[in-house]
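start.cif, holding mmCIF, C-alpha atoms:
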```
data_data
#
loop_
_atom_site.label_atom_id
_atom_site.label_comp_id
_atom_site.auth_asym_id
_atom_site.auth_seq_id
_atom_site.Cartn_x
_atom_site.Cartn_y
_atom_site.Cartn_z
CA MET A 1 1.35 25.63 21.78
CA LYS A 2 -1.33 25.48 19.09
CA LYS A 3 1.16 24.87 16.25
CA PHE A 4 2.82 22.05 18.26
CA PHE A 5 -0.43 20.45 19.35
CA THR A 6 -2.09 20.18 15.91
CA PRO A 7 0.80 18.44 14.04
CA THR A 8 1.49 16.20 17.03
CA LEU A 9 -2.14 15.15 17.25
CA VAL A 10 -2.25 14.41 13.51
CA VAL A 11 0.86 12.22 13.75
CA ILE A 12 -0.47 10.37 16.80
CA MET A 13 -3.88 9.77 15.19
CA THR A 14 -2.25 8.59 11.95
CA MET A 15 0.00 6.20 13.90
CA LEU A 16 -2.99 4.80 15.77
CA PHE A 17 -4.89 4.37 12.50
CA GLY A 18 -1.92 2.51 11.01
CA MET A 19 -1.56 0.25 14.05
CA VAL A 20 -5.26 -0.58 14.21
CA SER A 21 -5.49 -1.32 10.49
CA SER A 22 -2.49 -3.66 10.67
CA CYS A 23 -3.85 -5.60 13.67
CA GLY A 24 -6.52 -7.47 11.73
CA ASN A 25 -4.14 -9.94 10.12
CA ASN A 26 -3.38 -12.33 12.97
CA ASP A 27 -2.54 -15.87 11.99
CA ASN A 28 -2.34 -18.07 15.07
CA SER A 29 -1.81 -21.35 13.24
CA ASN A 30 0.96 -23.69 14.32
CA THR A 31 3.61 -23.88 11.64
CA ASN A 32 7.13 -25.18 11.67
CA SER A 33 9.38 -22.20 11.22
CA SER A 34 13.04 -21.79 11.85
CA LYS A 35 14.70 -18.83 13.50
CA THR A 36 15.92 -17.70 10.10
CA ASP A 37 12.40 -16.95 8.84
CA LYS A 38 11.79 -13.24 8.46
CA PRO A 39 8.62 -11.80 9.94
CA PRO A 40 6.03 -10.66 7.41
CA SER A 41 6.56 -7.10 6.32
CA LEU A 42 4.05 -4.55 7.55
CA PRO A 43 2.73 -1.76 5.38
CA SER A 44 4.62 1.50 5.76
CA ALA A 45 2.93 3.81 8.27
CA LYS A 46 2.68 7.45 7.23
CA GLY A 47 1.95 10.59 9.16
CA TYR A 48 0.56 13.75 7.60
CA VAL A 49 1.47 17.08 9.17
CA ALA A 50 -0.09 20.41 8.19
CA ASN A 51 2.44 23.16 7.51
CA GLU A 52 -0.03 25.98 7.93
CA ALA A 53 2.28 28.92 7.20
CA GLY A 54 4.10 26.95 4.50
CA GLY A 55 1.01 26.09 2.47
CA SER A 56 1.73 22.37 2.38
CA VAL A 57 1.47 19.02 4.12
CA SER A 58 4.54 16.98 5.02
CA VAL A 59 4.41 13.21 4.67
CA ILE A 60 6.40 11.44 7.38
CA ASP A 61 7.61 7.84 7.26
CA LEU A 62 6.81 6.84 10.84
CA GLN A 63 9.08 3.79 10.88
CA TYR A 64 12.18 5.87 10.19
CA SER A 65 10.90 9.26 11.47
CA LEU A 66 11.79 10.89 8.18
CA LYS A 67 9.95 13.40 6.03
CA THR A 68 9.53 11.70 2.67
CA THR A 69 7.82 14.48 0.75
CA SER A 70 5.90 17.72 0.99
CA ILE A 71 2.63 18.27 -0.88
CA ASP A 72 2.31 21.90 -2.00
CA PHE A 73 -1.21 23.35 -1.98
CA SER A 74 -0.55 26.28 -4.33
CA ASP A 75 -2.97 26.39 -7.24
CA SER A 76 -2.07 26.85 -10.93
CA ALA A 77 -2.07 30.66 -10.45
CA GLY A 78 0.46 30.36 -7.62
CA THR A 79 -2.01 31.20 -4.84
CA MET A 80 -0.95 29.59 -1.56
CA PHE A 81 -3.40 27.89 0.79
CA MET A 82 -2.92 27.31 4.52
CA ALA A 83 -3.33 23.66 5.46
CA HIS A 84 -5.02 23.80 8.84
CA ASN A 85 -6.21 20.27 9.65
CA VAL A 86 -5.42 16.86 8.14
CA GLN A 87 -7.62 13.77 8.40
CA VAL A 88 -6.99 10.30 6.99
CA ALA A 89 -10.26 8.72 5.86
CA PRO A 90 -11.31 5.69 7.95
CA ASN A 91 -10.99 3.46 4.88
CA GLY A 92 -7.42 4.74 4.32
CA LYS A 93 -8.09 5.60 0.66
CA SER A 94 -7.80 9.38 0.95
CA VAL A 95 -6.38 12.18 3.06
CA TRP A 96 -8.48 15.31 3.62
CA VAL A 97 -7.21 18.81 4.40
CA ALA A 98 -9.12 21.97 5.36
CA ALA A 99 -7.31 24.85 3.64
CA ALA A 100 -7.83 28.61 3.48
CA GLY A 101 -6.31 31.06 1.02
CA MET A 102 -3.36 33.13 2.21
CA ASP A 103 -4.22 35.95 -0.18
CA SER A 104 -6.87 38.64 0.06
CA SER A 105 -9.52 36.46 -1.66
CA LYS A 106 -9.70 34.23 1.44
CA THR A 107 -11.03 31.36 -0.67
CA ASN A 108 -11.48 28.11 1.29
CA TYR A 109 -11.05 24.59 -0.03
CA LEU A 110 -11.28 21.02 1.10
CA ILE A 111 -8.26 19.35 -0.51
CA VAL A 112 -8.24 15.59 -1.10
CA ILE A 113 -4.91 13.75 -1.39
CA ASP A 114 -4.34 10.28 -2.83
CA PRO A 115 -2.16 8.57 -0.16
CA ASN A 116 -0.70 6.13 -2.69
CA SER A 117 0.64 8.74 -5.11
CA GLY A 118 0.97 11.66 -2.68
CA THR A 119 -0.79 13.98 -5.12
CA ILE A 120 -3.84 16.21 -4.89
CA LYS A 121 -6.76 14.42 -6.49
CA GLU A 122 -9.48 16.98 -5.79
CA ARG A 123 -9.99 20.58 -4.64
CA VAL A 124 -13.51 21.17 -3.36
CA LEU A 125 -14.40 24.87 -3.38
CA LEU A 126 -16.22 25.67 -0.13
CA GLY A 127 -16.54 29.45 -0.42
CA LYS A 128 -14.93 32.67 0.79
CA ASP A 129 -14.32 34.14 4.22
CA LEU A 130 -15.24 30.92 6.05
CA HIS A 131 -12.07 30.29 8.06
CA VAL A 132 -12.28 26.52 7.62
CA ALA A 133 -10.50 24.74 10.43
CA HIS A 134 -11.20 21.03 10.92
CA VAL A 135 -12.35 18.13 8.81
CA VAL A 136 -13.64 14.70 9.86
CA LEU A 137 -15.17 11.85 7.90
CA ASP A 138 -17.97 9.52 8.90
CA ASP A 139 -17.05 5.94 9.79
CA GLN A 140 -17.81 4.67 6.27
CA SER A 141 -15.80 7.41 4.48
CA LYS A 142 -18.93 8.59 2.63
CA ASN A 143 -19.12 12.17 3.91
CA ALA A 144 -16.63 14.76 5.06
CA PHE A 145 -17.62 17.47 7.53
CA VAL A 146 -15.68 20.76 7.67
CA THR A 147 -16.03 23.46 10.33
CA ALA A 148 -16.33 27.08 9.20
CA GLY A 149 -15.51 29.40 12.10
CA GLU A 150 -16.55 32.71 10.53
CA THR A 151 -20.07 31.51 9.69
CA ASN A 152 -20.52 29.04 12.58
CA GLU A 153 -21.38 26.27 10.13
CA VAL A 154 -20.40 22.70 9.39
CA ILE A 155 -20.17 21.99 5.68
CA GLN A 156 -21.06 18.44 4.56
CA VAL A 157 -19.25 17.18 1.43
CA ASP A 158 -20.02 13.93 -0.39
CA ALA A 159 -16.71 12.03 -0.30
CA THR A 160 -17.44 10.25 -3.58
CA THR A 161 -18.66 13.09 -5.81
CA TYR A 162 -16.76 15.87 -3.97
CA GLN A 163 -19.87 18.04 -4.02
CA VAL A 164 -21.10 20.18 -1.14
CA VAL A 165 -24.24 18.48 0.17
CA ARG A 166 -25.36 21.13 2.65
CA ASN A 167 -24.32 23.67 5.24
CA LEU A 168 -25.38 22.76 8.76
CA ILE A 169 -25.89 25.47 11.35
#
```
Write out the structure in this file as structure tokens.
Amino acid sequence: MKKFFTPTLVVIMTMLFGMVSSCGNNDNSNTNSSKTDKPPSLPSAKGYVANEAGGSVSVIDLQYSLKTTSIDFSDSAGTMFMAHNVQVAPNGKSVWVAAAGMDSSKTNYLIVIDPNSGTIKERVLLGKDLHVAHVVLDDQSKNAFVTAGETNEVIQVDATTYQVVRNLI
């Protein structure tokens, strides 16, 4: 149930974010238009689904319900990282993933994805043996907060500099 619930929740939240962000462009002016006019095109809505055991995140085109790509979290040494939780920043300019190492080092990262290119733009080292699980951003996309289950902490990361600000207990 847990594996079904987390990806489903991510897709639903991403869809809601896409719908809300597209609702602000209402033009109620009276214009003469014929039935042949095409409606304005809406931006493509994407869903991000953590593939925890696969060490990646799938990007889903929500209009066509198709996986468009998979973003691999392996580092340059080939170490795989479990993507546990995915969060689109409120400003829509980044996607954040809490990820833990699958190897014996148990290194934990906060991985930042550029939603336009679908590439990893930053790996923020959080530490070892933390069991990072969830990430959320404040409403202005200035800080990310990551839960660490093993240490019962919340780690605050500056979303601009990608530096750990503090560990909250």
Quiz item: Which polymer residues have any atom within 8 Å of an atom of stretch 60-69 of chain A, counting all atoms listed in the file, with same-chain residues fewer than 2 positions away left out, as a ChimeraX atom specification?
Solution: /A:15,44-49,58,71
Quiz item: Rounded to one decimal in Å, what is the spacing between atom CA of A:Ile113 and atom CA of A:Val97?
Solution: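 That distance, rounded to one decimal, is 8.0 Å.
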Exercise. I need the residue set behind the PyMOL selection byres ((chain A and resi 154) around 10) for this file; please write it as a list of chain:residue names.
Key: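 Listing what the PyMOL selection byres ((chain A and resi 154) around 10) selects in the shown file: A:Val132, A:His134, A:Val135, A:Ala144, A:Phe145, A:Val146, A:Thr147, A:Ala148, A:Gly149, A:Thr151, A:Asn152, A:Glu153, A:Ile155, A:Gln156, A:Val157, A:Arg166, A:Asn167, A:Leu168, A:Ile169.
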Assuming the chain letters and numbering stay as they are in my file, what does the PyMOL selection byres ((chain A and resi 139) around 12) actually select? List them as a JSON list (two decimals) with C-alpha atoms, in the frame of the given file.
```
[["chain", "number", "residue", "atom", "x", "y", "z"],
["A", 88, "VAL", "CA", -6.99, 10.30, 6.99],
["A", 89, "ALA", "CA", -10.26, 8.72, 5.86],
["A", 90, "PRO", "CA", -11.31, 5.69, 7.95],
["A", 91, "ASN", "CA", -10.99, 3.46, 4.88],
["A", 92, "GLY", "CA", -7.42, 4.74, 4.32],
["A", 136, "VAL", "CA", -13.64, 14.70, 9.86],
["A", 137, "LEU", "CA", -15.17, 11.85, 7.90],
["A", 138, "ASP", "CA", -17.97, 9.52, 8.90],
["A", 140, "GLN", "CA", -17.81, 4.67, 6.27],
["A", 141, "SER", "CA", -15.80, 7.41, 4.48],
["A", 142, "LYS", "CA", -18.93, 8.59, 2.63],
["A", 143, "ASN", "CA", -19.12, 12.17, 3.91],
["A", 144, "ALA", "CA", -16.63, 14.76, 5.06],
["A", 145, "PHE", "CA", -17.62, 17.47, 7.53],
["A", 159, "ALA", "CA", -16.71, 12.03, -0.30]]
```
Exercise. Name the residues captured by the PyMOL selection byres ((chain A and resi 99) around 9) when it is applied to the shown file; answer as a ChimeraX atom specification.
Key: /A:52,55,73,81-85,97-98,100-101,107-111,131-133
